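Have a look at final.tsv below; it lists TSV, C-alpha atoms.
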```
chain	number	residue	atom	x	y	z
N	1	MET	CA	19.30	-2.65	-46.62
N	2	THR	CA	22.32	-0.33	-46.89
N	3	TYR	CA	24.73	0.22	-44.00
N	4	SER	CA	23.52	3.80	-43.49
N	5	CYS	CA	19.90	2.64	-43.23
N	6	LEU	CA	20.89	-0.05	-40.76
N	7	ARG	CA	22.62	2.50	-38.52
N	8	PHE	CA	19.62	4.80	-38.70
N	9	TYR	CA	17.24	2.04	-37.57
N	10	CYS	CA	19.69	1.14	-34.79
N	11	LEU	CA	19.46	4.75	-33.65
N	12	LEU	CA	15.66	4.61	-33.56
N	13	LEU	CA	15.88	1.36	-31.59
N	14	PHE	CA	18.32	2.94	-29.13
N	15	VAL	CA	16.08	5.96	-28.58
N	16	GLY	CA	13.14	3.59	-28.14
N	17	ILE	CA	15.04	1.63	-25.47
N	18	ILE	CA	15.70	4.89	-23.65
N	19	LEU	CA	12.01	5.75	-23.68
N	20	VAL	CA	11.01	2.25	-22.56
N	21	GLY	CA	13.61	2.43	-19.82
N	22	SER	CA	12.16	5.74	-18.69
N	23	ASP	CA	8.67	4.19	-18.61
N	24	ALA	CA	9.97	1.26	-16.56
N	25	TYR	CA	11.53	3.69	-14.11
N	26	GLY	CA	8.29	5.67	-14.02
N	27	GLN	CA	6.27	2.57	-13.16
N	28	SER	CA	8.62	1.56	-10.34
N	29	LEU	CA	8.76	5.09	-9.05
N	30	GLU	CA	4.96	5.22	-9.18
N	31	GLU	CA	4.77	2.10	-7.01
N	32	LEU	CA	7.14	3.64	-4.46
N	33	ARG	CA	5.07	6.81	-4.39
N	34	LYS	CA	1.81	4.90	-3.99
N	35	ARG	CA	3.20	3.11	-0.94
N	36	LYS	CA	4.40	6.42	0.46
N	37	GLU	CA	0.98	8.03	-0.10
N	38	LYS	CA	-0.78	5.08	1.55
N	39	THR	CA	1.50	5.32	4.61
N	40	ALA	CA	1.00	9.08	4.78
N	41	SER	CA	-2.79	8.56	4.63
N	42	GLU	CA	-2.63	6.09	7.53
N	43	ILE	CA	-0.54	8.54	9.56
N	44	GLU	CA	-3.08	11.28	8.85
N	45	TYR	CA	-5.85	8.99	10.12
N	46	ILE	CA	-3.95	8.25	13.33
N	47	ASN	CA	-3.40	11.97	13.84
N	48	SER	CA	-7.16	12.46	13.56
N	49	LEU	CA	-7.69	9.81	16.24
N	50	LEU	CA	-5.22	11.52	18.56
N	51	LYS	CA	-6.85	14.91	17.95
N	52	GLU	CA	-10.17	13.53	19.21
N	53	THR	CA	-8.59	13.17	22.62
N	54	ASN	CA	-7.72	16.03	24.89
N	55	SER	CA	-3.99	16.69	24.79
N	56	LYS	CA	-4.12	17.34	28.54
N	57	SER	CA	-6.01	14.14	29.27
N	58	LYS	CA	-4.44	11.42	31.38
N	59	ALA	CA	-2.22	8.82	29.80
N	60	SER	CA	-3.88	5.61	28.68
N	61	LEU	CA	-2.86	2.24	27.26
N	62	ASN	CA	-4.89	2.95	24.17
N	63	ARG	CA	-3.09	6.25	23.60
N	64	LEU	CA	0.23	4.45	24.04
N	65	SER	CA	-0.80	1.83	21.47
N	66	VAL	CA	-1.90	4.48	18.97
N	67	LEU	CA	1.38	6.36	19.44
N	68	GLU	CA	3.33	3.14	18.90
N	69	LYS	CA	1.44	2.52	15.66
N	70	GLN	CA	2.02	6.13	14.62
N	71	ILE	CA	5.78	5.81	15.17
N	72	LYS	CA	5.95	2.57	13.18
N	73	LEU	CA	4.14	4.20	10.28
N	74	GLN	CA	6.32	7.31	10.53
N	75	ASP	CA	9.39	5.09	10.41
N	76	ALA	CA	7.92	3.26	7.39
N	77	LEU	CA	7.32	6.63	5.70
N	78	ILE	CA	10.96	7.62	6.22
N	79	ASN	CA	12.05	4.27	4.78
N	80	ASN	CA	9.78	4.87	1.77
N	81	ILE	CA	11.36	8.28	1.23
N	82	THR	CA	14.85	6.81	1.58
N	83	GLY	CA	14.00	4.13	-0.99
N	84	GLU	CA	12.68	6.75	-3.37
N	85	ILE	CA	15.84	8.83	-2.97
N	86	GLY	CA	18.00	5.77	-3.68
N	87	TYR	CA	15.94	4.99	-6.74
N	88	LEU	CA	16.28	8.55	-8.02
N	89	ASP	CA	20.04	8.48	-7.39
N	90	SER	CA	20.35	5.39	-9.55
N	91	SER	CA	18.18	6.79	-12.34
N	92	ILE	CA	20.03	10.14	-12.24
N	93	GLN	CA	23.35	8.34	-12.73
N	94	GLN	CA	21.93	6.31	-15.62
N	95	ASN	CA	20.45	9.44	-17.18
N	96	SER	CA	23.83	11.16	-16.93
N	97	SER	CA	25.54	8.22	-18.65
N	98	ARG	CA	22.91	8.20	-21.40
N	99	ILE	CA	23.33	11.93	-21.98
N	100	ASP	CA	27.13	11.54	-22.22
N	101	SER	CA	26.80	8.62	-24.65
N	102	LEU	CA	24.24	10.43	-26.80
N	103	SER	CA	26.36	13.61	-26.83
N	104	LEU	CA	29.44	11.69	-28.04
N	105	THR	CA	27.47	9.94	-30.77
N	106	LEU	CA	25.83	13.20	-31.79
N	107	GLN	CA	29.24	14.85	-32.14
N	108	GLU	CA	30.46	11.97	-34.34
N	109	VAL	CA	27.41	12.24	-36.60
N	110	LYS	CA	27.75	16.04	-36.79
N	111	ASN	CA	31.45	15.76	-37.73
N	112	LYS	CA	30.65	13.28	-40.51
N	113	TYR	CA	27.82	15.44	-41.76
N	114	ALA	CA	30.05	18.54	-41.73
N	115	SER	CA	32.64	16.69	-43.84
N	116	MET	CA	29.92	15.70	-46.30
N	117	VAL	CA	28.71	19.30	-46.55
N	118	ARG	CA	32.24	20.60	-47.15
N	119	TYR	CA	32.79	17.98	-49.82
N	120	ALA	CA	29.46	18.86	-51.44
N	121	ASP	CA	30.30	22.56	-51.43
N	122	ARG	CA	33.53	21.88	-53.31
N	123	ASN	CA	32.34	19.23	-55.75
N	124	GLU	CA	28.60	19.22	-56.09
N	125	ASP	CA	26.25	21.37	-58.07
N	126	ASN	CA	23.60	20.50	-60.66
N	127	SER	CA	25.96	20.89	-63.61
N	128	ASN	CA	28.68	18.74	-62.02
N	129	GLN	CA	26.15	15.97	-61.23
N	130	LEU	CA	24.77	16.10	-64.77
N	131	LEU	CA	28.30	16.04	-66.24
N	132	PHE	CA	29.15	13.07	-63.97
N	133	ILE	CA	26.19	11.11	-65.43
N	134	LEU	CA	26.71	12.14	-69.05
N	135	SER	CA	30.43	11.26	-68.99
N	136	ALA	CA	29.54	7.59	-68.47
N	137	GLN	CA	30.80	5.12	-71.08
N	138	ASP	CA	27.35	3.59	-71.63
N	139	PHE	CA	23.75	3.76	-70.49
N	140	ASN	CA	24.22	1.06	-67.81
N	141	GLN	CA	27.07	3.00	-66.20
N	142	ALA	CA	25.08	6.23	-66.39
N	143	TYR	CA	22.17	4.58	-64.63
N	144	LYS	CA	24.46	3.29	-61.86
N	145	ARG	CA	25.89	6.78	-61.39
N	146	PHE	CA	22.39	8.17	-61.17
N	147	ILE	CA	21.48	5.60	-58.46
N	148	TYR	CA	24.72	6.40	-56.61
N	149	LEU	CA	23.94	10.12	-56.53
N	150	LYS	CA	20.41	9.39	-55.31
N	151	GLN	CA	21.69	7.08	-52.53
N	152	TYR	CA	24.26	9.69	-51.54
N	153	ALA	CA	21.54	12.32	-51.25
N	154	ASP	CA	19.41	9.92	-49.18
N	155	TYR	CA	22.37	9.21	-46.93
N	156	ARG	CA	22.90	12.92	-46.31
N	157	ARG	CA	19.21	13.35	-45.50
N	158	LYS	CA	19.30	10.44	-43.03
N	159	GLN	CA	22.41	11.88	-41.37
N	160	ALA	CA	20.53	15.14	-40.86
N	161	GLU	CA	17.56	13.22	-39.45
N	162	LYS	CA	19.88	11.36	-37.08
N	163	ILE	CA	21.25	14.65	-35.79
N	164	VAL	CA	17.71	15.89	-35.08
N	165	ALA	CA	16.77	12.57	-33.42
N	166	TYR	CA	19.85	12.63	-31.17
N	167	LYS	CA	19.18	16.24	-30.20
N	168	HIS	CA	15.60	15.39	-29.23
N	169	ALA	CA	16.78	12.35	-27.24
N	170	ILE	CA	19.36	14.45	-25.37
N	171	SER	CA	16.78	17.16	-24.68
N	172	ASP	CA	14.31	14.60	-23.27
N	173	GLN	CA	17.00	13.03	-21.11
N	174	LEU	CA	18.06	16.43	-19.78
N	175	LEU	CA	14.48	17.30	-18.85
N	176	ASP	CA	14.08	13.97	-17.05
N	177	PHE	CA	17.49	14.38	-15.41
N	178	ASN	CA	16.66	17.84	-14.02
N	179	LYS	CA	13.20	16.75	-12.85
N	180	ARG	CA	14.63	13.81	-10.94
N	181	LYS	CA	17.25	16.06	-9.33
N	182	ASP	CA	14.49	18.45	-8.21
N	183	ASP	CA	12.41	15.53	-6.89
N	184	LYS	CA	15.41	14.21	-4.97
N	185	GLN	CA	16.03	17.60	-3.35
N	186	GLN	CA	12.39	17.83	-2.23
N	187	LEU	CA	12.59	14.31	-0.80
N	188	LEU	CA	15.75	15.16	1.16
N	189	VAL	CA	13.96	18.11	2.74
N	190	SER	CA	10.92	15.92	3.47
N	191	LYS	CA	13.10	13.25	5.09
N	192	VAL	CA	14.65	15.81	7.44
N	193	ASN	CA	11.17	17.07	8.42
N	194	GLN	CA	9.81	13.55	8.97
N	195	THR	CA	12.82	12.67	11.12
N	196	LYS	CA	12.08	15.65	13.35
N	197	ILE	CA	8.44	14.55	13.61
N	198	ILE	CA	9.34	11.00	14.69
N	199	GLU	CA	11.72	12.39	17.33
N	200	ARG	CA	8.84	14.39	18.82
N	201	GLN	CA	6.56	11.35	18.69
N	202	LYS	CA	9.07	9.15	20.48
N	203	LYS	CA	9.44	11.79	23.16
N	204	GLN	CA	5.65	11.89	23.59
N	205	GLN	CA	5.49	8.08	23.68
N	206	LYS	CA	8.17	7.97	26.36
N	207	GLY	CA	6.22	10.49	28.46
N	208	VAL	CA	3.00	8.44	28.23
N	209	TYR	CA	4.87	5.22	29.06
N	210	THR	CA	6.54	6.80	32.09
N	211	GLU	CA	3.22	8.15	33.37
N	212	LEU	CA	1.55	4.75	32.95
N	213	HIS	CA	4.42	2.96	34.61
N	214	GLN	CA	3.80	5.06	37.69
N	215	LYS	CA	0.23	3.73	37.80
N	216	GLU	CA	0.92	0.00	37.81
N	217	LYS	CA	-1.70	-0.73	40.46
N	218	ASP	CA	-4.45	1.01	38.50
N	219	LEU	CA	-3.37	-0.78	35.33
N	220	GLY	CA	-3.45	-4.11	37.15
N	221	LYS	CA	-7.00	-3.46	38.35
N	222	LYS	CA	-8.16	-2.48	34.86
N	223	LEU	CA	-6.53	-5.56	33.39
N	224	GLU	CA	-8.27	-7.80	35.90
N	225	SER	CA	-11.63	-6.16	35.14
N	226	GLN	CA	-11.03	-6.61	31.43
N	227	ARG	CA	-10.19	-10.29	31.92
N	228	LYS	CA	-13.41	-10.86	33.80
N	229	ALA	CA	-15.42	-9.21	31.02
N	230	GLU	CA	-13.65	-11.32	28.40
N	231	LEU	CA	-14.29	-14.47	30.42
N	232	ARG	CA	-18.00	-13.66	30.58
N	233	LEU	CA	-18.05	-13.04	26.82
N	234	GLN	CA	-16.27	-16.33	26.14
N	235	GLN	CA	-18.79	-18.14	28.31
N	236	GLU	CA	-21.60	-16.59	26.27
N	237	ILE	CA	-19.91	-17.65	23.02
N	238	GLU	CA	-19.52	-21.20	24.30
N	239	ARG	CA	-23.16	-21.17	25.39
N	240	VAL	CA	-24.21	-20.11	21.88
N	241	ILE	CA	-22.14	-22.95	20.38
N	242	SER	CA	-23.67	-25.40	22.83
N	243	ASP	CA	-27.23	-24.17	22.20
N	244	GLU	CA	-26.75	-24.46	18.43
N	245	ALA	CA	-25.49	-28.00	18.84
N	246	LYS	CA	-28.52	-28.98	20.94
N	247	LYS	CA	-30.85	-27.80	18.18
N	248	VAL	CA	-29.56	-30.49	15.87
N	249	ALA	CA	-31.52	-33.69	16.33
N	250	HIS	CA	-29.11	-36.07	14.57
N	251	LYS	CA	-25.89	-35.34	16.34
N	252	SER	CA	-23.21	-37.82	17.35
N	253	THR	CA	-22.67	-37.77	21.11
N	254	SER	CA	-18.90	-38.07	20.61
N	255	ASP	CA	-18.73	-35.10	18.25
N	256	LYS	CA	-18.66	-31.77	20.08
N	257	SER	CA	-18.84	-29.69	16.92
N	258	VAL	CA	-22.04	-28.27	15.49
N	259	VAL	CA	-23.77	-30.39	12.85
N	260	LEU	CA	-24.79	-28.11	10.01
N	261	THR	CA	-27.74	-28.01	7.63
N	262	SER	CA	-27.11	-27.84	3.89
N	263	GLU	CA	-27.80	-24.07	4.01
N	264	ASP	CA	-25.28	-23.65	6.84
N	265	LYS	CA	-22.68	-25.62	4.90
N	266	ALA	CA	-23.15	-23.41	1.85
N	267	LEU	CA	-22.82	-20.31	4.03
N	268	SER	CA	-19.68	-21.70	5.70
N	269	GLY	CA	-18.16	-22.45	2.31
N	270	GLY	CA	-18.78	-18.91	1.15
N	271	PHE	CA	-17.27	-17.58	4.36
N	272	SER	CA	-14.09	-19.67	4.22
N	273	ASN	CA	-13.51	-18.77	0.57
N	274	ASN	CA	-13.21	-15.09	1.52
N	275	ARG	CA	-10.26	-15.45	3.89
N	276	GLY	CA	-8.14	-12.31	3.65
N	277	LYS	CA	-10.89	-10.45	1.75
N	278	PHE	CA	-13.47	-9.54	4.40
N	279	PRO	CA	-14.36	-5.89	4.98
N	280	TRP	CA	-13.41	-4.46	8.35
N	281	PRO	CA	-16.17	-4.39	10.97
N	282	VAL	CA	-15.72	-0.59	11.12
N	283	LEU	CA	-15.37	1.73	8.15
N	284	ARG	CA	-11.84	2.63	9.21
N	285	GLY	CA	-9.63	1.82	12.16
N	286	LEU	CA	-6.33	0.42	13.29
N	287	ILE	CA	-5.49	-2.69	15.27
N	288	THR	CA	-4.03	-1.66	18.62
N	289	ASP	CA	-4.01	-5.09	20.26
N	290	HIS	CA	-3.39	-8.29	18.34
N	291	PHE	CA	-4.68	-11.85	18.64
N	292	GLY	CA	-3.10	-14.35	21.01
N	293	GLU	CA	-0.65	-14.07	23.89
N	294	HIS	CA	1.87	-11.26	24.16
N	295	PRO	CA	3.51	-9.14	26.89
N	296	HIS	CA	1.55	-6.25	28.36
N	297	ALA	CA	2.59	-2.88	26.88
N	298	VAL	CA	3.64	-1.53	30.29
N	299	LEU	CA	3.45	-4.43	32.77
N	300	LYS	CA	6.10	-6.54	31.07
N	301	TYR	CA	5.77	-9.33	33.65
N	302	VAL	CA	2.08	-9.74	32.67
N	303	THR	CA	0.94	-11.79	29.68
N	304	VAL	CA	-2.07	-10.50	27.76
N	305	ARG	CA	-4.36	-13.07	26.13
N	306	ASN	CA	-6.59	-11.63	23.44
N	307	SER	CA	-9.25	-13.87	21.92
N	308	GLY	CA	-9.56	-11.51	18.94
N	309	VAL	CA	-8.27	-8.08	17.98
N	310	ASP	CA	-8.87	-4.60	19.37
N	311	ILE	CA	-9.67	-2.07	16.66
N	312	THR	CA	-9.34	1.58	17.64
N	313	THR	CA	-11.60	3.84	15.61
N	314	GLN	CA	-13.18	7.28	15.69
N	315	ALA	CA	-15.71	8.19	18.34
N	316	HIS	CA	-19.26	6.85	17.84
N	317	SER	CA	-18.26	4.79	14.78
N	318	LYS	CA	-20.80	2.36	13.38
N	319	VAL	CA	-20.13	-1.38	13.49
N	320	ARG	CA	-21.06	-3.64	10.57
N	321	SER	CA	-21.31	-7.36	9.96
N	322	ILE	CA	-18.42	-8.60	7.84
N	323	PHE	CA	-20.60	-11.25	6.13
N	324	LYS	CA	-24.22	-12.26	5.79
N	325	GLY	CA	-25.55	-14.40	8.62
N	326	GLU	CA	-27.98	-14.69	11.52
N	327	VAL	CA	-27.78	-12.78	14.78
N	328	THR	CA	-27.76	-15.54	17.38
N	329	LYS	CA	-27.38	-13.41	20.49
N	330	VAL	CA	-27.28	-9.84	21.75
N	331	VAL	CA	-25.96	-9.80	25.29
N	332	ALA	CA	-24.91	-7.19	27.84
N	333	ILE	CA	-21.51	-8.02	29.34
N	334	PRO	CA	-20.76	-6.43	32.75
N	335	GLY	CA	-17.61	-4.37	32.22
N	336	GLY	CA	-17.75	-4.99	28.46
N	337	ASN	CA	-20.92	-3.14	27.41
N	338	ILE	CA	-22.97	-4.94	24.70
N	339	ALA	CA	-21.89	-7.78	22.41
N	340	VAL	CA	-23.47	-9.10	19.22
N	341	ILE	CA	-22.81	-12.67	18.05
N	342	ILE	CA	-23.54	-13.55	14.42
N	343	ARG	CA	-23.48	-17.05	12.96
N	344	HIS	CA	-22.26	-17.66	9.40
N	345	GLY	CA	-22.74	-21.40	9.04
N	346	SER	CA	-20.02	-23.03	11.14
N	347	TYR	CA	-18.35	-19.64	11.75
N	348	LEU	CA	-19.15	-17.04	14.40
N	349	THR	CA	-18.18	-13.36	14.45
N	350	VAL	CA	-18.35	-11.46	17.73
N	351	TYR	CA	-18.59	-7.67	18.04
N	352	SER	CA	-18.24	-6.40	21.61
N	353	ASN	CA	-17.84	-3.12	23.51
N	354	LEU	CA	-20.87	-1.62	21.76
N	355	SER	CA	-22.86	1.24	23.23
N	356	GLU	CA	-26.02	0.47	21.23
N	357	VAL	CA	-27.23	-2.17	18.79
N	358	PHE	CA	-29.60	-2.04	15.81
N	359	VAL	CA	-30.34	-5.76	15.52
N	360	LYS	CA	-31.94	-8.52	17.58
N	361	ALA	CA	-31.52	-12.26	18.00
N	362	GLY	CA	-32.88	-14.29	15.09
N	363	GLN	CA	-32.49	-11.44	12.61
N	364	GLN	CA	-30.82	-12.08	9.23
N	365	VAL	CA	-28.14	-9.52	8.32
N	366	ASP	CA	-26.19	-8.82	5.15
N	367	GLY	CA	-22.50	-8.15	4.74
N	368	LYS	CA	-21.56	-4.55	5.66
N	369	GLU	CA	-24.96	-4.03	7.36
N	370	ASP	CA	-24.76	-1.77	10.41
N	371	ILE	CA	-25.43	-3.66	13.62
N	372	GLY	CA	-24.50	-1.10	16.29
N	373	SER	CA	-22.14	1.65	17.49
N	374	VAL	CA	-18.81	1.39	19.29
N	375	TYR	CA	-18.73	2.59	22.89
N	376	THR	CA	-16.75	5.81	23.40
N	377	ASP	CA	-15.22	6.00	26.88
N	378	GLN	CA	-15.14	9.70	27.72
N	379	SER	CA	-13.61	8.93	31.12
N	380	ASP	CA	-10.65	7.18	29.51
N	381	ASP	CA	-9.14	9.51	26.90
N	382	ASN	CA	-12.23	9.20	24.65
N	383	LYS	CA	-11.12	5.66	23.86
N	384	CYS	CA	-13.26	4.05	21.14
N	385	VAL	CA	-12.28	0.39	20.69
N	386	LEU	CA	-14.20	-2.42	19.01
N	387	LYS	CA	-13.30	-5.87	20.26
N	388	PHE	CA	-13.73	-8.26	17.36
N	389	GLN	CA	-13.50	-12.05	17.48
N	390	LEU	CA	-13.79	-14.84	14.91
N	391	TRP	CA	-14.57	-18.48	15.73
N	392	HIS	CA	-14.82	-21.65	13.68
N	393	GLU	CA	-17.18	-23.79	15.75
N	394	ASN	CA	-15.34	-23.85	19.12
N	395	THR	CA	-11.92	-22.77	17.81
N	396	LYS	CA	-10.67	-19.18	18.05
N	397	LEU	CA	-9.17	-17.74	14.87
N	398	ASP	CA	-6.96	-14.71	14.29
N	399	PRO	CA	-9.34	-12.16	12.69
N	400	GLU	CA	-6.44	-10.14	11.26
N	401	ALA	CA	-5.68	-12.96	8.80
N	402	TRP	CA	-9.29	-12.87	7.51
N	403	LEU	CA	-9.69	-9.12	7.02
N	404	HIS	CA	-8.40	-7.40	3.90
N	405	LYS	CA	-5.33	-5.22	4.29
N	406	MET	CA	-6.30	-1.59	4.60
```
Produce C-alpha cells that represent the structure in this file.
Amino acid sequence: MTYSCLRFYCLLLFVGIILVGSDAYGQSLEELRKRKEKTASEIEYINSLLKETNSKSKASLNRLSVLEKQIKLQDALINNITGEIGYLDSSIQQNSSRIDSLSLTLQEVKNKYASMVRYADRNEDNSNQLLFILSAQDFNQAYKRFIYLKQYADYRRKQAEKIVAYKHAISDQLLDFNKRKDDKQQLLVSKVNQTKIIERQKKQQKGVYTELHQKEKDLGKKLESQRKAELRLQQEIERVISDEAKKVAHKSTSDKSVVLTSEDKALSGGFSNNRGKFPWPVLRGLITDHFGEHPHAVLKYVTVRNSGVDITTQAHSKVRSIFKGEVTKVVAIPGGNIAVIIRHGSYLTVYSNLSEVFVKAGQQVDGKEDIGSVYTDQSDDNKCVLKFQLWHENTKLDPEAWLHKM
C-alpha cells in the first residue's frame, strides 16, 4: 500500500472515530434524558395527587409527606438537568477541538492539492505525458513512467476525495456543535424555572409543617388511634399464623413456624425468587411512610413504628394481589377499615385500609388480581393510603425491597 493510500485510510478511520464518539455521547445523553423524563413523570403524578385535594383544605401529615416527596423529586430533576448541562459542556468543548483539528488538516490538504494543480497546469497535458513516456530509453522504463503517471493521477484524485471527506466531517461536527449549544441554552432556562418551582414548594411545605405543629395534641390523638388499629391488625396476622400452624397435624411442638405442604413450599419458592420484581399492590402510587422505626414527621420526640409501608395513591384506586395465593382472612379493623390477608406458601401479604373488598376467605387469587379498593378519607384532605405489609411466617419484612422500582 502506498503512503498516500495509507493516509487516506487513516482519514477514514479518524472520521469513523468521530462518528463513533458522537454515538457514544448520544447514548450517554439518552440515558441522562431518560432519567430526567422518568423523574418529570413522577413529579407530574404527585401533582395529580395534590390536585385531588382541595387547596384550601386543612393541613395533613399525608399532604406533608407528599410535598416532601415532591421536593425530593424536584431536586433530583434539577440535578439531572445540571448533569446534562455538564455533559453538553464537555461534548461542546470536544466538538470545538475536533473542528479546529479538522480545519487545520483540511487546510494542509488543500494547500498540497493547490500546489499539485499549479504544477499540473505548468507541466502536464496529454502531449507532455505522451512525450514523457516515449522519451524512455527502453520499454521497461516506458512502462514504469506510465505506472508513475497513473499513480500520480490516483494520488490527486484521493487528495480531492480527502478534501471532500474533511469538509463533510467539519459540517457534521458544526451541526452537532450548534445543536448541543441550543440544547444547553434550553436546559439553562429550564433549570432556572425548576429552581423557582422548588422554592415555591418549600414555602408551601413550611406552611403545612407550621400549621401541623400548632396541632400537636390532635396529631398525638390520631397517632394513638393509628397505633391501636395497627396493633389489632398485627393480632389478626398472628392469629392467622397460629391458625395455619394448628392445621398441620405433624408439627414439632418446639417449632413455632408453620409446617408447609409440598404445594406451599413450591409457592414459597416462587415467591422468594421474585424479590425486587413484584408488581405494586396499586397500579401507581408513592411510598409516603417507610418500613421500620423512624421519627415522626412533625412530633420529632415521637418514634413511628411501621410494620409495612404506606402507599399514597389516587382516590378510589383498586388494590391487587402481588402474587398468586389464597385469601386466608378478610377482617374489619376498628379505626383501620378492612384488611385482606393472603397466604403465598410461607409468606403473607396484608392489604389494609380498604373501603371494600372483592374476595372472601378461602378464595384462590392470581397475581395482579383486584381484591378491593383503597379507602378515601374525605374528612382528611381526601387522603387515599394503602397500608401494605409482607411477612415470612412470623417475621416482618420490608415490602419496599420486594417491589420493583417504579
Counting all atoms listed in the file, which residue out of N:Glu52, N:Glu84, N:Glu369, N:Glu37 sits closest to Arg180 in chain N? N:Glu84
Shortest interatomic distance to Ala160 in chain N - which of N:Lys222, N:Lys110, N:Lys184, N:Lys206, counting all atoms listed in the file: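 Ranked by minimum distance to Ala160 in chain N, first place goes to N:Lys110.
The gap separating CA of Glu356 in chain N from CA of Gln378 in chain N is 15.7 Å, in Å to one decimal.
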Which residue, N:Thr210, N:Ser91, N:Thr195, N:Asn62, has the smallest gap to Asp183 in chain N when you use all atoms listed in the file?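 Residue with the minimum atom-to-atom distance to Asp183 in chain N: N:Ser91.
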To one decimal in Å, tell me the separation between CA of Gln185 in chain N and CA of Glu30 in chain N.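 Spanning CA of Gln185 in chain N to CA of Glu30 in chain N is a straight-line distance of 17.6 Å.
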At a cut-off of 9 Å from (2.7, 8.3, 15.6) in the coordinates of the file, what residues are picked up using all atoms listed in the file, written as a list in words? Ile43, Ile46, Asn47, Val66, Leu67, Glu68, Lys69, Gln70, Ile71, Lys72, Leu73, Gln74, Ile197, Ile198, Gln201, Lys202 and Gln205 of chain N
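Here CA of Ala401 in chain N stands at a distance of 18.2 Å from CA of Lys368 in chain N.
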Taking 4 positions as the minimum chain separation for residues in the same chain, which residues sit within 12 Å of Gln186 in chain N when counting all atoms listed in the file? Answer as a PyMOL selection string. chain N and resi 81-82+84-85+88+179-182+190-193
